[in-house]
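Engineer: This is final.txt, which holds compact mmCIF, C-alpha atoms:
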# COMPACT_ATOMS: atom_id res chain seq x y z
CA MET Y 4 -8.48 -88.66 51.10
CA SER Y 5 -6.32 -85.55 51.77
CA ALA Y 6 -7.61 -82.79 53.91
CA GLU Y 7 -8.49 -79.51 52.17
CA ALA Y 8 -5.59 -77.03 52.46
CA THR Y 9 -6.38 -73.98 54.59
CA PRO Y 10 -5.35 -70.55 53.21
CA LEU Y 11 -2.33 -68.94 54.77
CA LEU Y 12 -4.09 -65.59 55.35
CA THR Y 13 -7.65 -64.65 56.04
CA PRO Y 14 -9.40 -62.20 53.67
CA ALA Y 15 -8.95 -59.38 56.18
CA GLN Y 16 -5.24 -60.16 56.52
CA ARG Y 17 -4.83 -60.24 52.73
CA LYS Y 18 -6.42 -56.79 52.49
CA LEU Y 19 -4.10 -55.50 55.21
CA VAL Y 20 -1.02 -56.93 53.47
CA GLY Y 21 -2.15 -55.50 50.13
CA PHE Y 22 -2.67 -52.09 51.72
CA ALA Y 23 0.76 -52.25 53.37
CA LEU Y 24 2.46 -53.19 50.08
CA GLY Y 25 0.64 -50.42 48.22
CA PHE Y 26 1.53 -47.88 50.88
CA ALA Y 27 5.18 -48.99 50.79
CA ALA Y 28 5.21 -48.64 47.00
CA ILE Y 29 3.76 -45.11 47.24
CA CYS Y 30 6.40 -44.17 49.84
CA ALA Y 31 9.16 -45.60 47.63
CA ILE Y 32 7.90 -43.64 44.61
CA GLY Y 33 7.70 -40.47 46.70
CA TRP Y 34 11.25 -41.00 47.96
CA LEU Y 35 12.52 -41.55 44.42
CA LEU Y 36 10.76 -38.37 43.26
CA PHE Y 37 12.32 -36.48 46.16
CA LEU Y 38 15.79 -37.75 45.23
CA LEU Y 39 15.16 -36.86 41.57
CA LEU Y 40 14.02 -33.30 42.36
CA SER Y 41 16.91 -32.82 44.79
CA GLY Y 42 19.36 -33.96 42.11
CA VAL Y 43 17.79 -31.65 39.52
CA ALA Y 44 17.93 -28.70 41.94
CA ARG Y 45 21.61 -29.34 42.70
CA PHE Y 46 22.40 -29.73 39.01
CA ILE Y 47 20.66 -26.45 38.16
CA SER Y 48 22.40 -24.67 41.03
CA ALA Y 49 25.82 -25.99 40.00
CA PHE Y 50 25.43 -25.22 36.29
CA SER Y 51 23.06 -22.24 36.44
CA GLY Y 52 25.48 -20.09 34.44
CA VAL Y 53 25.12 -22.51 31.53
CA ILE Y 54 21.46 -23.48 31.96
CA TRP Y 55 20.01 -19.96 32.28
CA PRO Y 56 21.15 -18.67 28.84
CA LEU Y 57 20.04 -21.91 27.15
CA ALA Y 58 16.65 -21.86 28.90
CA VAL Y 59 16.00 -18.19 28.08
CA ALA Y 60 17.10 -18.63 24.46
CA GLY Y 61 14.99 -21.78 24.09
CA ILE Y 62 11.85 -20.13 25.43
CA LEU Y 63 12.41 -17.03 23.29
CA ALA Y 64 12.94 -19.23 20.23
CA LEU Y 65 9.63 -21.01 20.82
CA LEU Y 66 7.89 -17.64 21.17
CA MET Y 67 9.53 -15.92 18.19
CA ARG Y 68 9.62 -18.79 15.70
CA PRO Y 69 6.15 -17.97 14.25
CA VAL Y 70 7.29 -14.38 13.62
CA VAL Y 71 10.34 -15.59 11.69
CA THR Y 72 8.10 -17.91 9.65
CA VAL Y 73 5.78 -15.01 8.81
CA PHE Y 74 8.73 -12.87 7.66
CA GLU Y 75 10.06 -15.77 5.62
CA GLN Y 76 6.76 -16.42 3.85
CA ARG Y 77 5.46 -12.87 3.40
CA LEU Y 78 8.74 -11.27 2.33
CA ARG Y 79 9.88 -14.37 0.36
CA VAL Y 80 13.36 -14.37 1.87
CA LYS Y 81 15.56 -17.14 3.19
CA ARG Y 82 15.33 -18.01 6.87
CA PRO Y 83 18.70 -16.49 7.93
CA VAL Y 84 17.63 -13.19 6.35
CA ALA Y 85 14.29 -13.40 8.19
CA VAL Y 86 16.10 -13.97 11.49
CA VAL Y 87 18.40 -11.00 10.89
CA LEU Y 88 15.38 -8.87 9.97
CA LEU Y 89 13.66 -9.90 13.21
CA TYR Y 90 16.76 -8.96 15.18
CA PHE Y 91 16.82 -5.56 13.41
CA VAL Y 92 13.14 -4.84 14.15
CA PHE Y 93 13.59 -5.96 17.76
CA LEU Y 94 16.68 -3.77 18.17
CA LEU Y 95 14.86 -0.73 16.78
CA THR Y 96 11.88 -1.34 19.07
CA VAL Y 97 14.00 -1.81 22.18
CA THR Y 98 16.12 1.23 21.34
CA GLY Y 99 13.01 3.36 20.93
CA LEU Y 100 11.58 2.16 24.24
CA LEU Y 101 14.88 2.70 26.04
CA VAL Y 102 15.28 6.22 24.66
CA THR Y 103 11.70 7.03 25.61
CA PHE Y 104 11.36 5.46 29.06
CA LEU Y 105 14.80 4.39 30.32
CA PRO Y 106 16.05 7.76 31.63
CA ALA Y 107 12.90 8.36 33.69
CA LEU Y 108 12.76 4.72 34.84
CA VAL Y 109 16.41 4.60 35.94
CA SER Y 110 16.07 7.97 37.66
CA GLN Y 111 13.02 6.80 39.61
CA LEU Y 112 14.66 3.50 40.54
CA LEU Y 113 17.77 5.24 41.91
CA GLU Y 114 15.67 7.79 43.76
CA PHE Y 115 13.50 5.01 45.20
CA VAL Y 116 16.54 3.07 46.45
CA ALA Y 117 17.87 6.25 48.09
CA TYR Y 118 14.42 6.98 49.56
CA LEU Y 119 14.07 3.57 51.28
CA PRO Y 120 15.77 4.64 54.57
CA THR Y 121 13.47 7.71 54.72
CA LEU Y 122 10.44 5.52 54.06
CA TRP Y 123 11.51 3.19 56.87
CA ARG Y 124 11.92 6.07 59.33
CA LYS Y 125 8.49 7.44 58.41
CA THR Y 126 6.97 3.99 58.84
CA VAL Y 127 8.51 3.63 62.31
CA ALA Y 128 7.37 7.16 63.28
CA TRP Y 129 3.83 6.40 62.09
CA GLY Y 130 3.82 3.19 64.09
CA GLU Y 131 5.02 4.98 67.21
CA GLY Y 132 2.18 7.45 66.88
CA HIS Y 133 -0.59 4.93 66.25
CA PHE Y 134 0.53 1.63 67.83
CA PRO Y 135 3.02 2.46 70.60
CA GLU Y 136 2.14 -0.67 72.60
CA TRP Y 137 3.05 -2.91 69.65
CA LEU Y 138 6.38 -1.17 69.15
CA ALA Y 139 7.07 -1.47 72.86
CA ILE Y 140 6.88 -5.25 72.42
CA ILE Y 141 8.88 -5.33 69.18
CA ARG Y 142 11.56 -2.77 70.07
CA PRO Y 143 13.62 -5.07 72.37
CA TYR Y 144 13.95 -7.50 69.48
CA LEU Y 145 14.86 -4.69 67.05
CA ASP Y 146 17.53 -3.48 69.49
CA HIS Y 147 19.14 -6.92 69.59
CA PRO Y 148 22.70 -6.66 68.14
CA THR Y 149 22.14 -9.40 65.56
CA VAL Y 150 18.84 -7.96 64.27
CA LYS Y 151 20.24 -4.44 64.31
CA ALA Y 152 23.30 -5.49 62.35
CA ALA Y 153 21.09 -7.24 59.80
CA LEU Y 154 18.87 -4.16 59.38
CA ASP Y 155 21.91 -1.89 59.07
CA GLY Y 156 23.30 -4.18 56.40
CA LEU Y 157 20.03 -4.10 54.47
CA ALA Y 158 19.90 -0.31 54.66
CA GLN Y 159 23.47 -0.05 53.38
CA GLN Y 160 22.68 -2.37 50.50
CA ALA Y 161 19.58 -0.36 49.68
CA GLN Y 162 21.62 2.83 49.46
CA ASP Y 163 24.28 1.25 47.29
CA LEU Y 164 22.73 -0.07 44.06
CA LEU Y 165 25.71 -2.21 43.14
CA GLY Y 166 25.84 -3.73 46.60
CA HIS Y 167 22.13 -4.41 46.35
CA LEU Y 168 22.49 -6.24 43.04
CA ALA Y 169 25.66 -8.20 43.80
CA PRO Y 170 24.05 -11.06 45.80
CA THR Y 171 21.39 -11.48 43.14
CA LEU Y 172 23.96 -11.62 40.39
CA LYS Y 173 25.99 -14.14 42.31
CA SER Y 174 22.99 -16.41 42.97
CA ALA Y 175 22.07 -16.17 39.28
CA GLY Y 176 25.25 -18.02 38.42
CA ALA Y 177 27.98 -15.41 38.27
CA GLY Y 178 30.17 -17.32 40.69
CA ILE Y 179 33.69 -16.04 41.11
CA PHE Y 180 33.51 -14.12 37.85
CA GLY Y 181 31.04 -11.63 39.35
CA ILE Y 182 29.44 -9.18 37.01
CA PHE Y 183 31.64 -10.27 34.08
CA GLY Y 184 30.16 -13.77 34.24
CA VAL Y 185 26.59 -12.45 34.18
CA VAL Y 186 27.36 -10.09 31.28
CA ALA Y 187 28.91 -12.97 29.36
CA SER Y 188 25.87 -15.16 30.03
CA LEU Y 189 23.53 -12.42 28.81
CA ALA Y 190 25.68 -11.74 25.75
CA VAL Y 191 25.56 -15.35 24.60
CA ILE Y 192 21.74 -15.50 24.64
CA PRO Y 193 21.36 -13.75 21.23
CA VAL Y 194 23.88 -16.21 19.77
CA TYR Y 195 21.95 -19.23 21.05
CA LEU Y 196 18.69 -17.65 19.95
CA PHE Y 197 19.98 -17.03 16.41
CA PHE Y 198 20.88 -20.68 15.86
CA PHE Y 199 17.66 -21.89 17.48
CA LEU Y 200 15.61 -19.67 15.15
CA LEU Y 201 17.46 -20.90 12.06
CA SER Y 202 15.82 -24.29 12.48
CA ASN Y 203 12.24 -24.52 11.31
CA ASN Y 204 11.81 -28.17 12.23
CA ASP Y 205 9.50 -29.48 14.90
CA PRO Y 206 11.74 -30.01 17.96
CA THR Y 207 9.91 -33.28 18.69
CA ARG Y 208 10.12 -34.67 15.13
CA SER Y 209 13.23 -36.76 15.78
CA LEU Y 210 12.25 -37.69 19.34
CA PRO Y 211 10.82 -41.14 18.41
CA GLU Y 212 14.18 -42.11 16.92
CA HIS Y 213 15.79 -41.65 20.34
CA LEU Y 214 13.24 -43.91 22.07
CA PRO Y 215 13.70 -47.26 20.29
CA PHE Y 216 13.48 -49.16 23.59
CA LEU Y 217 9.79 -48.25 23.96
CA GLN Y 218 6.89 -49.90 22.19
CA LYS Y 219 5.33 -47.80 19.44
CA GLU Y 220 2.19 -47.08 21.47
CA HIS Y 221 4.16 -45.90 24.49
CA ARG Y 222 6.59 -43.99 22.26
CA ASP Y 223 3.67 -42.12 20.69
CA ASP Y 224 2.36 -41.28 24.16
CA VAL Y 225 5.73 -39.83 25.21
CA VAL Y 226 5.92 -37.71 22.06
CA PHE Y 227 2.36 -36.50 22.63
CA LEU Y 228 3.13 -35.49 26.22
CA VAL Y 229 6.32 -33.65 25.20
CA ARG Y 230 4.40 -31.73 22.54
CA GLU Y 231 1.70 -30.96 25.09
CA PHE Y 232 4.31 -29.58 27.49
CA LEU Y 233 5.89 -27.39 24.80
CA GLY Y 234 2.45 -26.11 23.82
CA ILE Y 235 1.62 -25.20 27.43
CA LEU Y 236 5.04 -23.57 27.85
CA VAL Y 237 4.70 -21.43 24.73
CA ALA Y 238 1.10 -20.43 25.44
CA PHE Y 239 1.90 -19.49 29.04
CA PHE Y 240 5.01 -17.38 28.43
CA ARG Y 241 3.71 -15.75 25.25
CA GLY Y 242 0.52 -14.71 27.00
CA GLN Y 243 2.04 -13.91 30.39
CA ILE Y 244 4.79 -11.66 29.00
CA LEU Y 245 2.32 -9.69 26.87
CA ILE Y 246 -0.17 -9.43 29.74
CA GLY Y 247 2.62 -8.33 32.10
CA LEU Y 248 3.72 -5.58 29.72
CA ILE Y 249 0.17 -4.28 29.29
CA MET Y 250 -0.49 -4.40 33.03
CA GLY Y 251 2.80 -2.61 33.72
CA VAL Y 252 1.91 0.21 31.32
CA LEU Y 253 -1.60 0.55 32.78
CA LEU Y 254 -0.37 0.56 36.39
CA ALA Y 255 2.48 2.96 35.64
CA THR Y 256 0.10 5.34 33.87
CA GLY Y 257 -2.49 5.16 36.64
CA PHE Y 258 0.01 5.57 39.49
CA THR Y 259 1.73 8.48 37.74
CA ILE Y 260 -1.54 10.31 37.09
CA ALA Y 261 -2.64 9.70 40.69
CA GLY Y 262 0.56 11.36 41.94
CA LEU Y 263 2.22 8.32 43.52
CA LYS Y 264 5.91 8.90 44.09
CA PHE Y 265 8.00 6.65 41.79
CA GLY Y 266 4.74 5.56 40.14
CA LEU Y 267 6.36 4.81 36.77
CA ALA Y 268 8.97 2.42 38.18
CA ILE Y 269 6.60 0.73 40.64
CA GLY Y 270 3.88 0.23 38.03
CA LEU Y 271 6.17 -1.21 35.35
CA LEU Y 272 7.96 -3.54 37.75
CA THR Y 273 4.67 -4.70 39.28
CA GLY Y 274 3.34 -5.66 35.85
CA LEU Y 275 6.54 -7.35 34.66
CA LEU Y 276 6.95 -9.35 37.87
CA ASN Y 277 3.49 -10.85 37.28
CA ILE Y 278 5.24 -13.27 34.93
CA ILE Y 279 5.56 -15.16 38.22
CA PRO Y 280 1.89 -15.37 39.32
CA TYR Y 281 0.95 -13.11 42.24
CA LEU Y 282 4.57 -12.08 42.90
CA GLY Y 283 4.23 -8.71 41.18
CA SER Y 284 0.91 -7.96 42.87
CA ILE Y 285 2.20 -8.80 46.35
CA LEU Y 286 5.46 -6.86 46.01
CA GLY Y 287 3.83 -3.94 44.21
CA LEU Y 288 1.08 -3.43 46.77
CA SER Y 289 3.46 -3.89 49.71
CA VAL Y 290 5.53 -0.98 48.35
CA ALA Y 291 2.89 1.24 46.73
CA LEU Y 292 0.38 1.41 49.60
CA PRO Y 293 2.77 2.44 52.42
CA LEU Y 294 4.42 4.89 50.05
CA ALA Y 295 1.06 6.39 49.07
CA TYR Y 296 0.13 6.89 52.72
CA LEU Y 297 3.48 8.21 53.99
CA GLN Y 298 4.65 10.43 51.12
CA PRO Y 299 4.39 14.20 51.81
CA ASP Y 300 1.17 14.74 49.83
CA GLY Y 301 -0.22 11.27 50.55
CA GLY Y 302 -2.85 9.86 52.84
CA LEU Y 303 -5.84 7.59 52.86
CA THR Y 304 -7.25 9.25 49.74
CA LEU Y 305 -4.15 8.40 47.69
CA VAL Y 306 -4.14 4.88 49.15
CA ALA Y 307 -7.76 4.42 48.07
CA ILE Y 308 -6.96 5.74 44.59
CA CYS Y 309 -4.00 3.35 44.22
CA VAL Y 310 -6.13 0.40 45.40
CA GLY Y 311 -8.83 1.41 42.91
CA ILE Y 312 -6.27 1.58 40.08
CA PHE Y 313 -4.91 -1.85 41.02
CA ILE Y 314 -8.40 -3.39 41.20
CA ALA Y 315 -9.34 -1.83 37.85
CA VAL Y 316 -6.21 -3.22 36.18
CA GLN Y 317 -6.85 -6.65 37.72
CA LEU Y 318 -10.41 -6.61 36.37
CA VAL Y 319 -9.15 -5.69 32.91
CA GLU Y 320 -6.60 -8.51 33.14
CA GLY Y 321 -9.11 -11.09 34.37
CA TRP Y 322 -12.04 -10.23 32.11
CA PHE Y 323 -10.34 -9.08 28.92
CA LEU Y 324 -6.58 -9.66 28.65
CA THR Y 325 -6.27 -13.22 29.88
CA PRO Y 326 -9.28 -14.64 27.94
CA ARG Y 327 -8.23 -12.85 24.73
CA ILE Y 328 -4.46 -13.36 24.88
CA MET Y 329 -3.93 -16.64 26.73
CA GLY Y 330 -6.62 -18.35 24.69
CA ARG Y 331 -6.99 -21.20 27.18
CA GLN Y 332 -6.83 -21.29 30.92
CA THR Y 333 -4.56 -23.53 32.94
CA GLY Y 334 -7.55 -24.79 34.89
CA LEU Y 335 -5.64 -24.42 38.18
CA HIS Y 336 -7.19 -23.05 41.34
CA PRO Y 337 -5.51 -19.87 42.67
CA VAL Y 338 -4.45 -21.72 45.83
CA ALA Y 339 -2.93 -24.47 43.66
CA ILE Y 340 -1.00 -21.81 41.70
CA ILE Y 341 0.40 -20.27 44.90
CA VAL Y 342 1.44 -23.69 46.26
CA ALA Y 343 2.96 -24.58 42.87
CA VAL Y 344 5.03 -21.38 42.79
CA PHE Y 345 6.56 -22.12 46.20
CA PHE Y 346 6.93 -25.85 45.53
CA TRP Y 347 8.71 -25.56 42.18
CA GLY Y 348 10.73 -22.60 43.42
CA GLN Y 349 12.09 -24.81 46.18
CA ALA Y 350 12.36 -27.94 44.02
CA LEU Y 351 14.24 -26.30 41.14
CA GLY Y 352 16.27 -23.87 43.17
CA GLY Y 353 14.75 -20.41 42.96
CA VAL Y 354 13.52 -18.10 40.23
CA LEU Y 355 13.64 -20.61 37.38
CA GLY Y 356 11.32 -22.95 39.25
CA MET Y 357 8.94 -20.11 40.13
CA MET Y 358 8.76 -19.04 36.48
CA LEU Y 359 8.06 -22.60 35.32
CA ALA Y 360 5.67 -23.41 38.18
CA VAL Y 361 2.38 -22.87 36.35
CA PRO Y 362 3.29 -24.60 33.03
CA LEU Y 363 4.89 -27.52 34.89
CA THR Y 364 1.88 -27.98 37.16
CA ALA Y 365 -0.58 -27.62 34.27
CA PHE Y 366 1.41 -30.18 32.29
CA PHE Y 367 1.46 -32.73 35.11
CA VAL Y 368 -2.28 -32.28 35.62
CA ALA Y 369 -2.90 -32.80 31.89
CA ALA Y 370 -0.50 -35.78 31.79
CA TRP Y 371 -2.22 -37.43 34.76
CA ARG Y 372 -5.62 -36.99 33.16
CA PHE Y 373 -4.32 -38.51 29.91
CA VAL Y 374 -2.70 -41.48 31.66
CA ARG Y 375 -5.75 -42.06 33.86
CA ARG Y 376 -8.12 -41.95 30.89
CA LYS Y 377 -6.02 -44.27 28.73
CA TYR Y 378 -4.46 -46.73 31.16
CA PHE Y 379 -6.68 -46.63 34.25
CA ALA Y 380 -10.10 -46.24 32.67
CA ALA Y 381 -11.29 -49.54 34.13
Output the file's structure in the form of structure tokens.
Structural biologist:
Amino acid sequence: MSAEATPLLTPAQRKLVGFALGFAAICAIGWLLFLLLSGVARFISAFSGVIWPLAVAGILALLMRPVVTVFEQRLRVKRPVAVVLLYFVFLLTVTGLLVTFLPALVSQLLEFVAYLPTLWRKTVAWGEGHFPEWLAIIRPYLDHPTVKAALDGLAQQAQDLLGHLAPTLKSAGAGIFGIFGVVASLAVIPVYLFFFLLSNNDPTRSLPEHLPFLQKEHRDDVVFLVREFLGILVAFFRGQILIGLIMGVLLATGFTIAGLKFGLAIGLLTGLLNIIPYLGSILGLSVALPLAYLQPDGGLTLVAICVGIFIAVQLVEGWFLTPRIMGRQTGLHPVAIIVAVFFWGQALGGVLGMMLAVPLTAFFVAAWRFVRRKYFAA
């Protein structure tokens, strides 16, 4: 009679081995995701001059396709005619806005860039008068040759508009072609957009044909998730652009009436930069409040008025604009949005990642909930 075989591992040891294997699998998945994101960031950085026009044209096509369909159906014209008509209406609208606001906006922007050194000197003088002990600690570092050279370089770039824009244009994909490369990239966007708008088909209609290696159930899940991502992308950008424009107009009007120097430019840019969540608010307040306090007719009263205008516009955005225009919320906590902006900005190499941070995060949250409900319900 053979003796009963003893198990190789005790129950506690089996749990420990299972935990170790699970932890190793999680680390391996995390490492693979890191390699994937690093590869995507390098690819976007290397081919940004090609990717940016395609991405902008694709997003604009998703936003403007319903308008083309309305023109096509209401006016009973063919789709190419509807696209040309949309271009004509858009051109007239942009021309009217440029003729109305561009001269004042450009004038204020140039004056603001030239005023930056004066604003810096006034800020330093105010600090010397109110917090001399702090400046006594900081001044040795400011007098360091490296820091001083960096500050002098920033001041020179601020005075020279072209020098201020050159690094941004280069990082946007201009490369060795400089401004010509950026102009060419911008010029090709309407061409891409025209051909994208000519198609009225669902962009995911032929997707199942390209996934024959998946089972039908899994193929349907992939198509569903892609459609969900496109829906989130369209809803976010369509709502965020419109909300940013309205906020920019409200802030510019309020700042101008309050008497803030360069109020038109600061208000419009603050609203438009809110396409990237919280970026416009942070940059706008960091410029508007010191300017309101240090300008010749400024002071705490003007600062309080500017803060009140900003709070009022934020309340209008939170209580009226976002619920009415966005239609549905992303469901993300404000802290999660801030972390997502920095994470995707780093992962995808800059501005493109920051712009896509909220829709990407909302999509992954929705995808995880879908996968958990369907495949991990037990």
Engineer: Could you work out how far atom CA of Asn204 of chain Y lies from atom CA of Pro83 of chain Y, giving the answer in Å with one decimal?
Structural biologist: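 Taking atom CA of Pro83 of chain Y and atom CA of Asn204 of chain Y, their separation equals 14.2 Å.
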Engineer: Could you check which residues have any atom within 9 Å of (-4.1, -5.2, 42.1), counting only C-alpha atoms with coordinates taken straight from the file, and then list them as a ChimeraX atom specification?
Structural biologist: /Y:254,284-285,287-288,309-318
Engineer: Quick one: of Y:Ser41, Y:Asn277, Y:Ser48, Y:Thr304, who's nearest to Phe240 of chain Y, counting only C-alpha atoms?
Structural biologist: Y:Asn277
Engineer: Quick one: everything within 6 Å of Trp347 of chain Y, counting all atoms listed in the file, minus sequence neighbours fewer than 6 positions away in the same chain. Send it as a list in words.
Structural biologist: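 Final neighbour list, sorted by chain and number: Gly356, Met357 and Ala360 of chain Y.
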Engineer: Report, in Å with one decimal, the straight-line distance from atom CA of Val225 of chain Y to atom CA of Gly33 of chain Y.
Structural biologist: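 Rounded to one decimal, the two atoms are 21.6 Å apart.
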Engineer: Of the candidates Y:Ala60, Y:Ala44, Y:Ala23, Y:Ala295, which one gets nearest to Val354 of chain Y if we count all atoms listed in the file?
Structural biologist: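 The shortest atom-to-atom distance to Val354 of chain Y comes from Y:Ala44.
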Engineer: In Å to one decimal, how far is atom CA of Ile192 of chain Y from atom CA of Pro56 of chain Y?
Structural biologist: 5.3 Å
Engineer: Counting only C-alpha atoms, figure out which residue out of Y:Val80, Y:Leu196, Y:Val374, Y:Ile54 gets nearest to Phe227 of chain Y.
Structural biologist: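 Of Y:Val80, Y:Leu196, Y:Val374, Y:Ile54, the one nearest Phe227 of chain Y, counting only C-alpha atoms, is Y:Val374.
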Engineer: Can you pull out every residue within 12 Å of Arg68 of chain Y, counting all atoms listed in the file, but drop anything in the same chain fewer than 4 positions away, and send it as a list in words?
Structural biologist: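 Returned residues: Ala60, Gly61, Ile62, Leu63, Ala64, Thr72, Val73, Phe74, Glu75, Arg82, Ala85, Val86, Leu89, Leu196, Phe197, Phe198, Phe199, Leu200, Leu201, Ser202, Asn203, Asn204, Asp205, Pro206, Val237 and Arg241 of chain Y.
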